[in-house]
Amino acid sequence: MTPLARLLLCLLWLCSACAGPGTPSPAPVPGEPHASIYIVNEGKHAGLILRKADIPAGFIPESSDFPEADYLELGWGDWDYYQSGDPGLWLTLKAALWPTASVLHVAGIEGDIAGRYAGYEWIRLDLAPRPFAGLAGYVDRSFARNGSPRASPVGPEHHEDGRFYPANAKFHIFHTCNGWLAGALAAAGYPMGWFEPVTAEQLMTKIRPYAAPLLETHPPIRPSTGLRPARRNSKAPADASSDYPAAFLQSTHNHASQRR
């Protein structure tokens with residue numbers, strides 16, 4: 001075997017080692033405060049769901065556009081494709097082949113998420129305060145505010161409770177909606193490897209080993225894509241603030257402040 005062949009084999013081995021699952025740092029110590037996030041496999045796209053009350057103070061100020069929401073569902077994508085109800089072949093090719101402007105879609109969810117969605121694969125991940133602050137900071141920096149305190153909604157609304165916002169970074173085949181979400185998880189400490197996932201299945205494969213046990217209060221949820229209306233669920237009578245202790249919020253705020 002030539003020296004060049006040996007070098008190529010070593011590089012391939014390193015790439016495969018880095019891309020495989022490892023031991024994540026985000027997992028909380030049993031009994032300590034934590035937050036749960038949800039990753040939803042929509043087929044082509046994976047979505048992120050955060051509990052609004054867990055977001056550190058000063059991060060994602062756009063969440064105030066959803067005063068009645070208990071959770072926020074977030075997704076990132078191509079500016080034209082994501083906002084189009086029927087994107088067609090041209091918008092699909094343009095989004096894939098050229099670096100294009102991007103948007104964030106944010107939808108508010110009232111009450112328990114179990115009443116809103118059903119039927120699609122989802123994964124729950126439990127995060128300690130510091131990793132959660134890292135993820136929240138990544139999402140916060142994804143909004144393009146251009147010096148303003150908060151981003152202003154743009155474009156049409158395909159959800160009765162969702163809005164689009166201008167976003168940072170360009171969308172292209174090597175940085176897709178699923179790559180953006182992988183970046184958020186990497187900011188929390190999950191090993192995403194050297195290469196961004198392109199498909200939702202590639203992303204889910206990376207994080208399935210770290211899924212937290214399912215809870216009876218959080219059965220499978222059905223994601224929304226931003227391309228079709230989603231029904232609004234009535235607000236659950238249960239107190240949504242009872243899921244996590246106040247100590248988590250204070251600890252997350254402290255870690256978030258250190259990152260600024």
# chains A, B, ... in the order shown; residues from 1 in each chain; ligands from 1
$ residues_around --residues "Val106 (chain A)" --least-positions-apart "4" --cutoff "7 Å" --atoms "only C-alpha atoms" --output "PyMOL selection string"
chain A and resi 72-75+162-164
$ closest_atom_pairs --of "region 42-153 of chain A" --to "region 184-198 of chain A" --cutoff "7 Å" --atoms "only C-alpha atoms" --output "JSON lines"
{"residue": "A:Pro131", "atom": "CA", "partner": "A:Ala188", "partner_atom": "CA", "distance": 4.2}
{"residue": "A:Phe132", "atom": "CA", "partner": "A:Ala188", "partner_atom": "CA", "distance": 5.9}
{"residue": "A:Gly134", "atom": "CA", "partner": "A:Ala188", "partner_atom": "CA", "distance": 5.1}
{"residue": "A:Leu135", "atom": "CA", "partner": "A:Ala188", "partner_atom": "CA", "distance": 4.9}
{"residue": "A:Tyr138", "atom": "CA", "partner": "A:Ala184", "partner_atom": "CA", "distance": 5.7}
{"residue": "A:Val139", "atom": "CA", "partner": "A:Ala184", "partner_atom": "CA", "distance": 6.7}
$ atom_distance --atom1 "CA of Val103 (chain A)" --atom2 "CA of Ala169 (chain A)"
9.2 Å
$ closest_residue --among "A:Ile55, A:Ala101, A:Val154, A:Ala212" --to "Arg130 (chain A)" --atoms "only C-alpha atoms"
A:Ile55
$ closest_residue --among "A:Ser102, A:Gln83, A:Ser63, A:Thr205" --to "Pro166 (chain A)" --atoms "only C-alpha atoms"
A:Ser102
$ select_by_dssp --residues "region 148-206 of chain A" --states "alpha helix (DSSP H)" --output "ChimeraX atom specification"
/A:177-187,200-206
$ write_last_selection --atoms "C-alpha atoms" --output "PDB file, in the first residue's frame"
ATOM      1  CA  CYS A 177     -32.809  23.254   7.387  1.00  0.00           C
ATOM      2  CA  ASN A 178     -31.554  20.049   8.965  1.00  0.00           C
ATOM      3  CA  GLY A 179     -27.989  21.348   9.010  1.00  0.00           C
ATOM      4  CA  TRP A 180     -29.195  24.423  10.890  1.00  0.00           C
ATOM      5  CA  LEU A 181     -30.842  22.243  13.522  1.00  0.00           C
ATOM      6  CA  ALA A 182     -27.708  20.119  13.767  1.00  0.00           C
ATOM      7  CA  GLY A 183     -25.834  23.341  14.522  1.00  0.00           C
ATOM      8  CA  ALA A 184     -28.230  24.092  17.364  1.00  0.00           C
ATOM      9  CA  LEU A 185     -27.689  20.629  18.825  1.00  0.00           C
ATOM     10  CA  ALA A 186     -23.922  20.947  18.412  1.00  0.00           C
ATOM     11  CA  ALA A 187     -24.083  24.241  20.335  1.00  0.00           C
ATOM     12  CA  ALA A 200     -34.110  14.688   8.468  1.00  0.00           C
ATOM     13  CA  GLU A 201     -33.355  10.975   8.735  1.00  0.00           C
ATOM     14  CA  GLN A 202     -29.616  11.655   8.841  1.00  0.00           C
ATOM     15  CA  LEU A 203     -30.179  14.102  11.701  1.00  0.00           C
ATOM     16  CA  MET A 204     -32.455  11.750  13.617  1.00  0.00           C
ATOM     17  CA  THR A 205     -29.911   8.943  13.261  1.00  0.00           C
ATOM     18  CA  LYS A 206     -27.328  11.098  15.021  1.00  0.00           C
TER      19      LYS A 206
END
$ decode --residues "region 167-199 of chain A" --atoms "N, CA and C atoms" --output "compact mmCIF listing (two decimals), in the first residue's frame"
# COMPACT_ATOMS: atom_id res chain seq x y z
N ALA A 167 -33.54 35.72 8.61
CA ALA A 167 -32.55 34.93 9.35
C ALA A 167 -31.15 35.18 8.81
N ASN A 168 -30.17 34.84 9.61
CA ASN A 168 -28.77 34.90 9.20
C ASN A 168 -28.39 33.61 8.50
N ALA A 169 -27.29 33.66 7.77
CA ALA A 169 -26.71 32.53 7.03
C ALA A 169 -27.48 32.27 5.74
N LYS A 170 -26.77 31.75 4.76
CA LYS A 170 -27.35 31.42 3.47
C LYS A 170 -27.78 29.95 3.44
N PHE A 171 -28.86 29.70 2.73
CA PHE A 171 -29.35 28.33 2.54
C PHE A 171 -28.77 27.78 1.24
N HIS A 172 -28.26 26.54 1.28
CA HIS A 172 -27.80 25.85 0.08
C HIS A 172 -27.73 24.36 0.39
N ILE A 173 -27.36 23.59 -0.58
CA ILE A 173 -27.42 22.14 -0.44
C ILE A 173 -26.51 21.63 0.68
N PHE A 174 -25.46 22.39 1.01
CA PHE A 174 -24.55 21.97 2.06
C PHE A 174 -24.87 22.62 3.41
N HIS A 175 -25.90 23.45 3.43
CA HIS A 175 -26.38 24.02 4.71
C HIS A 175 -27.89 24.17 4.60
N THR A 176 -28.59 23.12 4.97
CA THR A 176 -30.03 23.05 4.82
C THR A 176 -30.72 23.26 6.17
N CYS A 177 -32.04 23.12 6.15
CA CYS A 177 -32.81 23.25 7.39
C CYS A 177 -32.34 22.27 8.45
N ASN A 178 -32.01 21.06 8.01
CA ASN A 178 -31.55 20.05 8.97
C ASN A 178 -30.13 20.32 9.44
N GLY A 179 -29.32 20.94 8.58
CA GLY A 179 -27.99 21.35 9.01
C GLY A 179 -28.05 22.45 10.05
N TRP A 180 -29.01 23.36 9.88
CA TRP A 180 -29.19 24.42 10.89
C TRP A 180 -29.54 23.83 12.25
N LEU A 181 -30.45 22.86 12.26
CA LEU A 181 -30.84 22.24 13.52
C LEU A 181 -29.69 21.45 14.12
N ALA A 182 -28.90 20.82 13.26
CA ALA A 182 -27.71 20.12 13.77
C ALA A 182 -26.76 21.10 14.44
N GLY A 183 -26.66 22.32 13.90
CA GLY A 183 -25.83 23.34 14.52
C GLY A 183 -26.33 23.72 15.90
N ALA A 184 -27.66 23.79 16.05
CA ALA A 184 -28.23 24.09 17.36
C ALA A 184 -27.90 23.00 18.37
N LEU A 185 -27.99 21.75 17.93
CA LEU A 185 -27.69 20.63 18.82
C LEU A 185 -26.20 20.56 19.14
N ALA A 186 -25.36 20.91 18.16
CA ALA A 186 -23.92 20.95 18.41
C ALA A 186 -23.59 22.04 19.43
N ALA A 187 -24.31 23.16 19.37
CA ALA A 187 -24.08 24.24 20.33
C ALA A 187 -24.45 23.80 21.75
N ALA A 188 -25.33 22.80 21.85
CA ALA A 188 -25.69 22.25 23.15
C ALA A 188 -24.72 21.18 23.61
N GLY A 189 -23.84 20.74 22.72
CA GLY A 189 -22.84 19.74 23.11
C GLY A 189 -23.02 18.37 22.49
N TYR A 190 -24.05 18.17 21.66
CA TYR A 190 -24.23 16.87 21.03
C TYR A 190 -23.25 16.72 19.87
N PRO A 191 -22.63 15.55 19.72
CA PRO A 191 -21.65 15.34 18.64
C PRO A 191 -22.35 15.17 17.30
N MET A 192 -22.17 16.13 16.41
CA MET A 192 -22.81 16.08 15.10
C MET A 192 -21.87 15.65 13.98
N GLY A 193 -20.57 15.51 14.29
CA GLY A 193 -19.63 15.09 13.26
C GLY A 193 -19.16 16.24 12.39
N TRP A 194 -18.32 15.92 11.42
CA TRP A 194 -17.73 16.94 10.55
C TRP A 194 -18.70 17.42 9.48
N PHE A 195 -19.62 16.57 9.05
CA PHE A 195 -20.48 16.89 7.91
C PHE A 195 -21.92 17.09 8.37
N GLU A 196 -22.51 18.20 7.92
CA GLU A 196 -23.89 18.49 8.30
C GLU A 196 -24.85 17.47 7.69
N PRO A 197 -25.86 17.05 8.42
CA PRO A 197 -26.88 16.20 7.83
C PRO A 197 -27.69 16.98 6.81
N VAL A 198 -28.03 16.34 5.72
CA VAL A 198 -28.85 16.98 4.68
C VAL A 198 -30.31 16.61 4.88
N THR A 199 -30.58 15.37 5.21
CA THR A 199 -31.95 14.91 5.38
C THR A 199 -32.33 14.83 6.85
